[in-house]
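> Input upload35.txt, format and content: compact mmCIF, C-alpha atoms and all ligand atoms.
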# COMPACT_ATOMS: atom_id res chain seq x y z
CA MET Z 3 9.23 20.57 -15.31
CA LYS Z 4 5.74 20.37 -13.86
CA ALA Z 5 5.42 19.20 -10.27
CA ILE Z 6 2.80 19.29 -7.55
CA ARG Z 7 4.01 21.56 -4.75
CA ILE Z 8 2.75 21.98 -1.19
CA HIS Z 9 3.62 25.31 0.49
CA GLU Z 10 1.53 24.77 3.64
CA PHE Z 11 -0.02 21.73 5.33
CA GLY Z 12 -3.79 21.54 4.90
CA GLY Z 13 -6.66 20.17 2.78
CA PRO Z 14 -6.40 18.86 -0.78
CA ASP Z 15 -6.47 22.44 -2.16
CA VAL Z 16 -2.87 22.99 -0.97
CA LEU Z 17 -1.75 20.73 -3.85
CA LYS Z 18 -0.72 23.11 -6.67
CA VAL Z 19 0.84 22.43 -10.06
CA GLU Z 20 3.97 24.53 -10.56
CA ASP Z 21 6.96 24.82 -12.85
CA VAL Z 22 10.12 23.90 -10.96
CA PRO Z 23 13.73 23.48 -12.10
CA GLU Z 24 14.68 20.00 -13.37
CA PRO Z 25 16.83 18.13 -10.85
CA SER Z 26 20.06 16.51 -12.00
CA PRO Z 27 21.57 13.37 -10.50
CA ALA Z 28 24.66 13.66 -8.29
CA ALA Z 29 26.90 10.66 -7.62
CA GLY Z 30 24.89 7.58 -6.64
CA GLN Z 31 21.58 9.13 -7.75
CA VAL Z 32 19.14 8.27 -10.53
CA LEU Z 33 16.80 10.69 -12.31
CA VAL Z 34 13.50 9.02 -13.26
CA ARG Z 35 11.09 10.32 -15.92
CA VAL Z 36 7.80 9.63 -14.13
CA ARG Z 37 5.15 8.00 -16.34
CA ALA Z 38 2.77 7.34 -13.45
CA ALA Z 39 2.76 8.21 -9.74
CA GLY Z 40 0.85 6.22 -7.12
CA VAL Z 41 -1.50 7.94 -4.68
CA ASN Z 42 -1.57 6.45 -1.18
CA PRO Z 43 -3.65 7.40 1.88
CA VAL Z 44 -0.40 8.26 3.68
CA ASP Z 45 0.24 11.04 1.13
CA THR Z 46 -2.94 12.72 2.42
CA TYR Z 47 -1.96 12.35 6.10
CA ILE Z 48 1.47 13.89 5.39
CA ARG Z 49 -0.15 16.68 3.34
CA SER Z 50 -2.50 17.57 6.17
CA GLY Z 51 0.39 17.85 8.66
CA VAL Z 52 -0.92 15.20 11.09
CA HIS Z 53 1.62 12.47 10.23
CA ALA Z 54 4.86 11.76 12.12
CA VAL Z 55 6.66 12.38 8.80
CA LYS Z 56 6.67 16.18 8.28
CA PRO Z 57 8.61 17.24 5.19
CA LYS Z 58 10.25 20.65 5.07
CA LEU Z 59 7.98 23.05 3.14
CA PRO Z 60 7.58 23.49 0.24
CA TYR Z 61 7.70 19.91 -0.97
CA THR Z 62 6.46 17.59 -3.72
CA PRO Z 63 4.46 14.62 -2.36
CA GLY Z 64 4.56 10.97 -3.37
CA LEU Z 65 6.64 7.86 -2.70
CA ASP Z 66 5.53 5.54 -5.48
CA ALA Z 67 6.13 5.97 -9.21
CA ALA Z 68 7.19 4.15 -12.33
CA GLY Z 69 8.96 5.41 -15.43
CA GLU Z 70 12.25 5.34 -17.30
CA VAL Z 71 15.70 6.29 -16.14
CA GLU Z 72 16.44 9.71 -17.63
CA ALA Z 73 20.02 9.89 -16.37
CA ALA Z 74 22.22 8.07 -13.88
CA GLY Z 75 24.83 9.84 -11.72
CA GLU Z 76 28.45 8.86 -11.31
CA GLY Z 77 29.02 5.51 -9.65
CA VAL Z 78 25.51 4.18 -10.33
CA THR Z 79 25.97 0.55 -11.33
CA ARG Z 80 22.48 -0.99 -11.55
CA PHE Z 81 20.76 1.48 -13.86
CA SER Z 82 21.36 3.35 -17.11
CA ALA Z 83 19.30 5.72 -19.26
CA GLY Z 84 16.16 4.23 -20.76
CA GLN Z 85 15.68 1.42 -18.22
CA ARG Z 86 12.18 0.84 -16.85
CA VAL Z 87 11.97 1.22 -13.07
CA TYR Z 88 9.57 1.61 -10.18
CA THR Z 89 10.50 3.81 -7.25
CA ALA Z 90 10.37 3.07 -3.54
CA GLY Z 91 10.47 6.63 -2.24
CA SER Z 92 12.52 9.41 -3.80
CA LEU Z 93 14.55 12.48 -2.82
CA THR Z 94 12.32 15.03 -4.55
CA GLY Z 95 8.78 13.53 -4.55
CA THR Z 96 7.03 11.51 -7.25
CA TYR Z 97 4.03 13.75 -8.11
CA ALA Z 98 6.16 15.34 -10.86
CA GLU Z 99 7.46 14.84 -14.36
CA LEU Z 100 10.88 13.88 -12.99
CA ALA Z 101 11.89 12.36 -9.65
CA LEU Z 102 15.40 12.24 -8.26
CA CYS Z 103 16.16 9.02 -6.38
CA GLU Z 104 18.99 7.28 -4.58
CA GLU Z 105 20.04 4.23 -6.58
CA SER Z 106 18.68 2.05 -3.75
CA GLN Z 107 15.20 3.59 -4.24
CA CYS Z 108 14.97 2.30 -7.84
CA HIS Z 109 13.95 -1.21 -8.85
CA ALA Z 110 13.68 -2.86 -12.25
CA LEU Z 111 10.15 -2.89 -13.68
CA PRO Z 112 9.54 -6.01 -15.81
CA GLU Z 113 8.22 -5.45 -19.36
CA ARG Z 114 4.92 -7.18 -18.61
CA VAL Z 115 4.06 -4.56 -15.94
CA THR Z 116 2.71 -1.23 -17.23
CA PHE Z 117 3.95 2.07 -15.81
CA ALA Z 118 0.56 2.66 -14.17
CA GLN Z 119 0.83 -0.75 -12.50
CA GLY Z 120 4.43 0.02 -11.55
CA ALA Z 121 3.21 3.10 -9.68
CA ALA Z 122 1.05 0.77 -7.60
CA VAL Z 123 3.90 -1.44 -6.40
CA PHE Z 124 5.99 0.04 -3.59
CA THR Z 125 3.68 1.08 -0.77
CA PRO Z 126 0.96 -1.55 -1.28
CA TYR Z 127 3.13 -4.59 -2.00
CA VAL Z 128 5.99 -3.92 0.39
CA THR Z 129 3.49 -3.16 3.18
CA ALA Z 130 1.42 -6.28 2.48
CA TYR Z 131 4.50 -8.49 2.19
CA ARG Z 132 6.08 -7.17 5.37
CA ALA Z 133 2.82 -7.47 7.32
CA LEU Z 134 2.18 -11.03 6.18
CA PHE Z 135 5.63 -12.58 6.25
CA ASN Z 136 7.91 -10.40 8.40
CA ARG Z 137 5.48 -9.25 11.11
CA ALA Z 138 2.87 -12.05 11.27
CA ASN Z 139 5.42 -14.70 10.28
CA ALA Z 140 2.57 -16.40 8.41
CA ARG Z 141 3.16 -19.95 7.23
CA PRO Z 142 1.61 -21.50 4.11
CA GLY Z 143 -1.44 -23.56 5.00
CA GLU Z 144 -2.65 -20.98 7.53
CA THR Z 145 -5.78 -18.89 7.04
CA VAL Z 146 -5.30 -15.19 6.33
CA PHE Z 147 -8.16 -12.72 6.75
CA VAL Z 148 -7.58 -9.52 4.77
CA HIS Z 149 -9.87 -7.09 6.57
CA GLY Z 150 -10.20 -4.45 3.82
CA ALA Z 151 -9.24 -6.30 0.63
CA SER Z 152 -10.50 -4.02 -2.14
CA GLY Z 153 -7.86 -1.26 -1.95
CA GLY Z 154 -4.15 -1.04 -2.73
CA VAL Z 155 -2.69 -2.96 0.22
CA GLY Z 156 -5.59 -5.43 0.35
CA THR Z 157 -5.23 -6.37 -3.32
CA ALA Z 158 -1.50 -6.92 -2.86
CA ALA Z 159 -2.13 -9.01 0.26
CA LEU Z 160 -4.65 -11.24 -1.53
CA GLN Z 161 -2.26 -11.93 -4.42
CA LEU Z 162 0.71 -12.58 -2.13
CA ALA Z 163 -1.23 -14.82 0.23
CA ARG Z 164 -2.94 -16.80 -2.51
CA ALA Z 165 0.30 -17.42 -4.40
CA ALA Z 166 2.06 -18.56 -1.22
CA GLY Z 167 -0.48 -21.25 -0.33
CA PHE Z 168 -2.71 -19.69 2.30
CA LYS Z 169 -6.46 -20.01 2.67
CA VAL Z 170 -7.49 -16.44 1.91
CA ILE Z 171 -10.61 -14.61 3.07
CA GLY Z 172 -11.14 -10.93 2.24
CA THR Z 173 -13.69 -8.20 2.83
CA ALA Z 174 -14.98 -5.23 0.86
CA GLY Z 175 -17.75 -2.70 1.35
CA THR Z 176 -19.25 -2.74 -2.15
CA GLU Z 177 -20.34 -5.39 -4.62
CA GLU Z 178 -17.67 -4.25 -7.10
CA GLY Z 179 -15.06 -4.43 -4.34
CA ARG Z 180 -16.12 -7.95 -3.43
CA ALA Z 181 -15.99 -9.09 -7.08
CA HIS Z 182 -12.52 -7.51 -7.28
CA ALA Z 183 -11.31 -9.30 -4.14
CA SER Z 184 -12.57 -12.58 -5.48
CA GLU Z 185 -10.75 -12.03 -8.81
CA GLN Z 186 -7.55 -11.11 -6.98
CA GLY Z 187 -7.28 -14.36 -5.07
CA ALA Z 188 -9.69 -14.50 -2.13
CA HIS Z 189 -11.24 -17.94 -1.69
CA HIS Z 190 -14.14 -16.27 0.14
CA VAL Z 191 -15.23 -12.64 0.31
CA LEU Z 192 -17.37 -11.01 3.00
CA ASP Z 193 -19.05 -7.61 3.31
CA HIS Z 194 -17.52 -5.59 6.18
CA HIS Z 195 -20.71 -3.54 6.41
CA SER Z 196 -22.99 -6.54 6.93
CA GLU Z 197 -24.10 -7.34 10.47
CA ASN Z 198 -23.00 -10.94 10.83
CA TYR Z 199 -19.97 -11.20 8.56
CA LEU Z 200 -17.64 -12.13 11.42
CA GLU Z 201 -19.90 -15.05 12.29
CA GLU Z 202 -19.63 -16.10 8.64
CA LEU Z 203 -15.85 -15.81 8.98
CA THR Z 204 -15.88 -18.13 11.99
CA GLU Z 205 -18.00 -20.63 10.05
CA LEU Z 206 -15.68 -20.47 7.03
CA THR Z 207 -12.76 -21.43 9.27
CA GLY Z 208 -14.62 -24.35 10.87
CA GLY Z 209 -15.08 -22.43 14.12
CA ARG Z 210 -11.33 -21.89 14.59
CA GLY Z 211 -10.92 -18.34 13.30
CA PRO Z 212 -8.21 -17.00 10.96
CA ASP Z 213 -4.57 -17.45 11.99
CA VAL Z 214 -3.59 -14.05 10.65
CA ILE Z 215 -5.65 -10.88 10.30
CA LEU Z 216 -4.30 -8.04 8.16
CA GLU Z 217 -6.27 -5.07 9.49
CA MET Z 218 -6.83 -1.94 7.34
CA LEU Z 219 -9.13 -0.08 9.78
CA ALA Z 220 -8.11 -1.00 13.31
CA ASN Z 221 -9.98 1.85 15.02
CA VAL Z 222 -13.21 0.19 13.87
CA ASN Z 223 -12.25 -3.48 13.93
CA LEU Z 224 -9.46 -4.30 16.38
CA ASN Z 225 -11.62 -5.42 19.30
CA ARG Z 226 -13.80 -7.52 17.02
CA ASP Z 227 -10.69 -9.04 15.40
CA LEU Z 228 -9.55 -10.19 18.84
CA GLY Z 229 -12.90 -11.89 19.27
CA VAL Z 230 -12.53 -14.00 16.11
CA VAL Z 231 -8.80 -14.63 15.63
CA ALA Z 232 -7.59 -18.24 16.07
CA LYS Z 233 -5.67 -19.41 19.15
CA GLY Z 234 -2.07 -18.31 18.68
CA GLY Z 235 -3.28 -15.90 15.99
CA ARG Z 236 -1.71 -12.61 14.97
CA VAL Z 237 -3.49 -9.37 14.13
CA VAL Z 238 -1.31 -6.98 12.14
CA VAL Z 239 -2.45 -3.37 12.39
CA ILE Z 240 -1.73 -1.87 8.98
CA GLY Z 241 -4.27 0.96 8.94
CA SER Z 242 -6.01 2.91 11.71
CA ARG Z 243 -7.72 6.28 11.64
CA GLY Z 244 -8.40 6.88 15.32
CA ALA Z 245 -8.55 5.33 18.79
CA VAL Z 246 -10.34 2.13 19.81
CA GLU Z 247 -11.18 0.45 23.09
CA ILE Z 248 -10.17 -3.21 23.30
CA ASN Z 249 -10.81 -5.97 25.79
CA PRO Z 250 -7.35 -7.45 26.49
CA ARG Z 251 -8.98 -10.60 27.87
CA LEU Z 252 -9.94 -11.53 24.29
CA ALA Z 253 -6.24 -11.57 23.38
CA MET Z 254 -5.35 -13.44 26.60
CA THR Z 255 -7.78 -16.28 26.05
CA ARG Z 256 -6.49 -16.80 22.52
CA ASP Z 257 -2.78 -16.25 23.12
CA ALA Z 258 -3.21 -13.68 20.37
CA ALA Z 259 -0.67 -11.05 19.35
CA ILE Z 260 -1.38 -7.53 18.13
CA LEU Z 261 1.44 -6.43 15.88
CA GLY Z 262 1.79 -2.86 14.68
CA MET Z 263 3.63 -2.06 11.51
CA THR Z 264 4.76 0.95 9.54
CA LEU Z 265 6.39 0.78 6.14
CA PHE Z 266 8.76 3.58 7.18
CA ASN Z 267 10.28 1.23 9.82
CA THR Z 268 11.42 -1.32 7.22
CA SER Z 269 15.20 -1.72 7.48
CA PRO Z 270 17.37 -1.50 4.34
CA HIS Z 271 18.16 -5.20 4.74
CA GLU Z 272 14.46 -6.13 4.94
CA LEU Z 273 13.67 -3.86 1.98
CA GLU Z 274 16.27 -5.55 -0.18
CA SER Z 275 14.78 -8.95 0.50
CA ILE Z 276 11.15 -7.80 0.05
CA HIS Z 277 11.93 -6.08 -3.26
CA ALA Z 278 13.59 -9.30 -4.46
CA ALA Z 279 10.41 -11.23 -3.66
CA VAL Z 280 8.08 -8.59 -5.15
CA GLY Z 281 10.27 -8.23 -8.26
CA ALA Z 282 10.14 -11.99 -8.83
CA GLY Z 283 6.34 -11.97 -8.46
CA LEU Z 284 5.99 -9.10 -10.94
CA GLU Z 285 8.26 -10.89 -13.41
CA SER Z 286 6.40 -14.19 -13.20
CA GLY Z 287 2.97 -12.55 -13.29
CA THR Z 288 1.93 -13.84 -9.84
CA LEU Z 289 1.75 -10.24 -8.69
CA ARG Z 290 -0.40 -8.05 -10.91
CA PRO Z 291 -1.00 -4.54 -9.50
CA VAL Z 292 -4.52 -3.33 -10.22
CA VAL Z 293 -5.11 0.29 -11.21
CA GLY Z 294 -8.67 1.37 -10.56
CA ARG Z 295 -8.33 4.95 -11.80
CA GLU Z 296 -5.84 7.09 -13.72
CA LEU Z 297 -6.04 10.88 -13.29
CA PRO Z 298 -3.89 13.64 -14.80
CA LEU Z 299 -1.17 15.01 -12.51
CA ALA Z 300 -2.99 18.34 -12.31
CA GLU Z 301 -5.90 16.52 -10.59
CA ALA Z 302 -3.82 15.52 -7.57
CA ALA Z 303 -6.27 17.32 -5.25
CA ARG Z 304 -9.14 15.23 -6.59
CA ALA Z 305 -7.05 12.07 -6.22
CA HIS Z 306 -6.47 12.95 -2.55
CA GLU Z 307 -10.21 13.29 -2.00
CA GLU Z 308 -11.01 10.08 -3.86
CA VAL Z 309 -8.41 7.91 -2.09
CA LEU Z 310 -10.14 8.47 1.26
CA LYS Z 311 -13.65 7.68 0.01
CA PRO Z 312 -15.31 4.30 0.52
CA GLY Z 313 -15.63 1.97 -2.47
CA ALA Z 314 -11.93 1.27 -3.12
CA LEU Z 315 -11.02 -0.67 -6.27
CA GLY Z 316 -7.28 -1.13 -6.60
CA LYS Z 317 -5.08 1.97 -6.89
CA ILE Z 318 -5.43 5.56 -8.02
CA VAL Z 319 -2.47 6.79 -10.10
CA LEU Z 320 -1.54 10.22 -11.48
CA ILE Z 321 -0.26 10.58 -15.04
CA PRO Z 322 2.13 13.53 -15.62
P1 LIG J 1 -7.28 2.11 0.11
O1 LIG J 1 -6.79 1.66 -1.23
O2 LIG J 1 -7.96 3.41 0.25
O3 LIG J 1 -8.22 0.95 0.70
C1 LIG J 1 -8.88 1.08 1.93
C2 LIG J 1 -9.46 -0.27 2.30
O4 LIG J 1 -10.07 -0.22 3.59
C3 LIG J 1 -10.53 -0.70 1.31
O5 LIG J 1 -10.41 -2.08 1.04
C4 LIG J 1 -11.79 -0.42 2.09
O6 LIG J 1 -12.90 -1.18 1.65
C5 LIG J 1 -11.33 -0.84 3.46
N1 LIG J 1 -12.31 -0.53 4.51
C6 LIG J 1 -13.20 0.50 4.57
N2 LIG J 1 -13.99 0.36 5.65
C7 LIG J 1 -13.61 -0.79 6.28
C8 LIG J 1 -14.05 -1.50 7.44
N3 LIG J 1 -15.06 -1.05 8.20
N4 LIG J 1 -13.43 -2.65 7.76
C9 LIG J 1 -12.40 -3.13 7.02
N5 LIG J 1 -11.94 -2.51 5.92
C10 LIG J 1 -12.54 -1.36 5.56
O7 LIG J 1 -6.04 2.15 1.13
P2 LIG J 1 -4.75 1.20 1.17
O8 LIG J 1 -3.67 1.84 0.41
O9 LIG J 1 -5.15 -0.20 0.84
O10 LIG J 1 -4.38 1.31 2.71
C11 LIG J 1 -5.25 0.74 3.68
C12 LIG J 1 -4.95 1.37 5.05
O11 LIG J 1 -3.63 1.01 5.44
C13 LIG J 1 -4.99 2.91 5.04
O12 LIG J 1 -5.49 3.36 6.27
C14 LIG J 1 -3.53 3.29 4.90
O13 LIG J 1 -3.25 4.55 5.45
C15 LIG J 1 -2.86 2.18 5.67
N6 LIG J 1 -1.48 1.88 5.24
C16 LIG J 1 -0.58 1.72 6.23
C17 LIG J 1 0.72 1.39 5.90
C18 LIG J 1 1.69 1.13 7.00
O14 LIG J 1 2.89 1.27 6.78
N7 LIG J 1 1.24 0.75 8.18
C19 LIG J 1 1.11 1.30 4.55
C20 LIG J 1 0.13 1.47 3.56
C21 LIG J 1 -1.18 1.75 3.93
P3 LIG J 1 -14.19 -0.54 0.88
O15 LIG J 1 -13.73 0.75 0.25
O16 LIG J 1 -14.54 -1.61 -0.11
O17 LIG J 1 -15.22 -0.34 1.95
Represent the supplied structure as structure tokens.
Ligand code: NAP

Amino acid sequence: MKAIRIHEFGGPDVLKVEDVPEPSPAAGQVLVRVRAAGVNPVDTYIRSGVHAVKPKLPYTPGLDAAGEVEAAGEGVTRFSAGQRVYTAGSLTGTYAELALCEESQCHALPERVTFAQGAAVFTPYVTAYRALFNRANARPGETVFVHGASGGVGTAALQLARAAGFKVIGTAGTEEGRAHASEQGAHHVLDHHSENYLEELTELTGGRGPDVILEMLANVNLNRDLGVVAKGGRVVVIGSRGAVEINPRLAMTRDAAILGMTLFNTSPHELESIHAAVGAGLESGTLRPVVGRELPLAEAARAHEEVLKPGALGKIVLIP
């Protein structure tokens, strides 16, 4: 089968298409024929060797995919050949024609969700859900500010927050991104490159500030977030690409909490409950993953360049 292989950590050019032997499922494992694989920023950090997660070389990247069960190993009870699934991680990597998974890494993909959309589920939706409900403990009726709403996690956060009864405010850096955020559930959308957008945010919340901030670029925004968050508010750091200086007094005066979060820290128990919620949303149509671009598997290097560029619009997926 064809798979993307990485033999050394480095730039996008280390992503090579190769022929590798087809894996076969042992007991408790599921082999998935990948119809689409999701590309996440974290795949690029791992590829470059700077991430805490350092796979043994060579490896095939990717956590997110959707496809059909090709074969199920002995003792697998939830899946059989032909079933549509999305993956939440895998044993062999998802940038490939086949991905070997533990049974617990596979989840049913409802008929109404395409494979490309299915490849946009795990990292974005589980991250957004966990940040909003498990870390921020957000309660319907509160105001949620999605600081970076045009990309994968932001889109998921908007849909989840809107469906659950929050007042939702998002940001994007382009006009297309702002139109997208508005379509995906934001009651108001601001431009995170404009000079006074945080003043507009304060006005939109009647001077109070948002109760919850889901932050996609903390190294740029964290200190400013602390200056606008409501009293008793929570800032969840989802994304950060460097260091930032903050004034702790801003957090003191607001009784505000800064909450870090990493998808990789999600416990199996939490995962089970989040997948149940996400699965129900996919089935009912409340959650509708948005695919901005589909690229052939062989263009994984280009996908890694694109996913870090400004002007996000939903997800980038690779088609084997
Ligand atoms: P993405 O699809 O590439 O989207 C990036 C988002 O950040 C876009 O909405 C982009 O908006 C926005 N952005 C750019 N400049 C910004 C600024 N100055 N202020 C606020 N937002 C800004 O990436 P993603 O998959 O949504 O992930 C978002 C971030 O979270 C990434 O850094 C990723 O590594 C991280 N992440 C962390 C976890 C975790 O476990 N903690 C899980 C998933 C993702 P425009 O392009 O419209 O400017």
> Using all atoms listed in the file, what does the table of stretch 155-200 of chain Z residues within 10 Å of stretch 206-215 of chain Z look like, with each row giving the shortest atom pair and its distance in Å to one decimal, sorted by chain and ascending number, as a tab-separated table?

residue	atom	partner	partner_atom	distance
Z:Lys169	CA	Z:Pro212	CA	9.0
Z:Val170	CA	Z:Pro212	CA	9.1
Z:Ile171	CA	Z:Pro212	CA	8.6
Z:Gly172	CA	Z:Ile215	CA	9.8
Z:His190	CA	Z:Leu206	CA	8.2
Z:Leu200	CA	Z:Gly211	CA	9.3
> My list of candidates is Z:Arg37, Z:Arg7, Z:Arg137, Z:Lys311. Which is closest to ligand LIG 1 (chain J) when distances are computed with all atoms listed in the file?
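Counting all atoms listed in the file, the residue closest to ligand LIG 1 (chain J) is Z:Lys311.
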> Using only C-alpha atoms - which residues lie no farther than 12 Å from the point (-3.5, -22.6, -3.5) in the file's frame? Write them as a list in words.
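Collected hits near the coordinates: Pro142, Gly143, Glu144, Thr145, Leu160, Gln161, Leu162, Ala163, Arg164, Ala165, Ala166, Gly167, Phe168, Lys169, Val170, Gly187, Ala188 and His189 of chain Z.
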> Deliver the residues from the most recent selection as a file, using C-alpha atoms, as a short mmCIF file (atom, residue, chain, number, x, y, z; two decimals), in the frame of the given file.

data_model
loop_
_atom_site.label_atom_id
_atom_site.label_comp_id
_atom_site.auth_asym_id
_atom_site.auth_seq_id
_atom_site.Cartn_x
_atom_site.Cartn_y
_atom_site.Cartn_z
CA PRO Z 142 1.61 -21.50 4.11
CA GLY Z 143 -1.44 -23.56 5.00
CA GLU Z 144 -2.65 -20.98 7.53
CA THR Z 145 -5.78 -18.89 7.04
CA LEU Z 160 -4.65 -11.24 -1.53
CA GLN Z 161 -2.26 -11.93 -4.42
CA LEU Z 162 0.71 -12.58 -2.13
CA ALA Z 163 -1.23 -14.82 0.23
CA ARG Z 164 -2.94 -16.80 -2.51
CA ALA Z 165 0.30 -17.42 -4.40
CA ALA Z 166 2.06 -18.56 -1.22
CA GLY Z 167 -0.48 -21.25 -0.33
CA PHE Z 168 -2.71 -19.69 2.30
CA LYS Z 169 -6.46 -20.01 2.67
CA VAL Z 170 -7.49 -16.44 1.91
CA GLY Z 187 -7.28 -14.36 -5.07
CA ALA Z 188 -9.69 -14.50 -2.13
CA HIS Z 189 -11.24 -17.94 -1.69
#
> Determine the nearest neighbour of ligand LIG 1 (chain J) from the options Z:Gly95, Z:Gly262, Z:Gly229, Z:Gly154, counting only C-alpha atoms and all ligand atoms.
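Checking each candidate against ligand LIG 1 (chain J), we get Z:Gly154 as the closest.
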> For Z:Pro312, which residue out of Z:Ala174, Z:Ala67, Z:Ala130, Z:Leu102 is the nearest one, using only C-alpha atoms?
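For Z:Pro312, the nearest of the given residues is Z:Ala174.
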> Enumerate residues in contact with ligand LIG 1 (chain J): an atom-to-atom distance of at most 6 Å, counting only C-alpha atoms and all ligand atoms. Format the result as an NGL selection string.
:Z and (42-44 or 125-126 or 129 or 149-156 or 174-176 or 179 or 194 or 218-219 or 240-242 or 263-265 or 309-310 or 312-314 or 317)
> Please determine, counting all atoms listed in the file, which residue among Z:Gly75, Z:Asp257, Z:Gly316, Z:Glu20 has the shortest atom-to-atom distance to Z:Glu185.
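Smallest separation from Z:Glu185 among the options: Z:Gly316.
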> With all atoms listed in the file as the atoms that count, which of Z:Asp21, Z:Glu272, Z:Glu197, Z:Glu307 lies nearest to Z:Asp45?
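Using all atoms listed in the file, Z:Asp45 sits closest to Z:Glu307.
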> Of the candidates Z:Gln119, Z:Thr96, Z:Gln85, Z:Ser50, which shows the shortest atom-to-atom distance to Z:Glu296, using only C-alpha atoms?
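When distances to Z:Glu296 are compared using only C-alpha atoms, the smallest one comes from Z:Gln119.
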> Please measure the separation of atom CA of Z:Leu299 and atom CA of Z:His9, giving the value in Å to one decimal.
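These atoms are spaced 17.3 Å apart.
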> What is the atom CA of Z:Leu65 to atom CA of Z:Arg236 distance in Å?
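Those two atoms sit 28.3 Å apart.
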> Need the shell around Z:Gly287: protein/DNA/RNA residues with any atom at most 9 Å away, counting all atoms listed in the file. Skip same-chain ones fewer than 5 positions apart. Format as a list in words?
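Listed by chain and then number, they are Arg114, Val115 and Ala282 of chain Z.
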> Can those selected residues be exported to a file as an mmCIF file, in the frame of the given file so that it contains C-alpha atoms?

data_model
loop_
_atom_site.group_PDB
_atom_site.id
_atom_site.type_symbol
_atom_site.label_atom_id
_atom_site.label_comp_id
_atom_site.auth_asym_id
_atom_site.auth_seq_id
_atom_site.Cartn_x
_atom_site.Cartn_y
_atom_site.Cartn_z
ATOM 1 C CA ARG Z 114 4.920 -7.180 -18.610
ATOM 2 C CA VAL Z 115 4.060 -4.560 -15.940
ATOM 3 C CA ALA Z 282 10.140 -11.990 -8.830
#
> Just the residues within 8 Å of stretch 319-322 of chain Z, please, counting all atoms listed in the file, with nothing from its chain fewer than 5 positions along; format it as a list in words.
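Once the nearby chain positions are removed, what remains is Lys4, Val36, Arg37, Ala38, Ala39, Gly40, Val41, Tyr97, Ala98, Glu99, Ala118, Ala121, Ala122, Val293, Arg295, Glu296, Leu297, Pro298, Leu299, Ala300, Glu301, Ala302 and Ala305 of chain Z.
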> Mind pulling up the distance from atom CA of Z:Met3 to atom CA of Z:Val34?
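Separation of atom CA of Z:Val34 and atom CA of Z:Met3: 12.5 Å.
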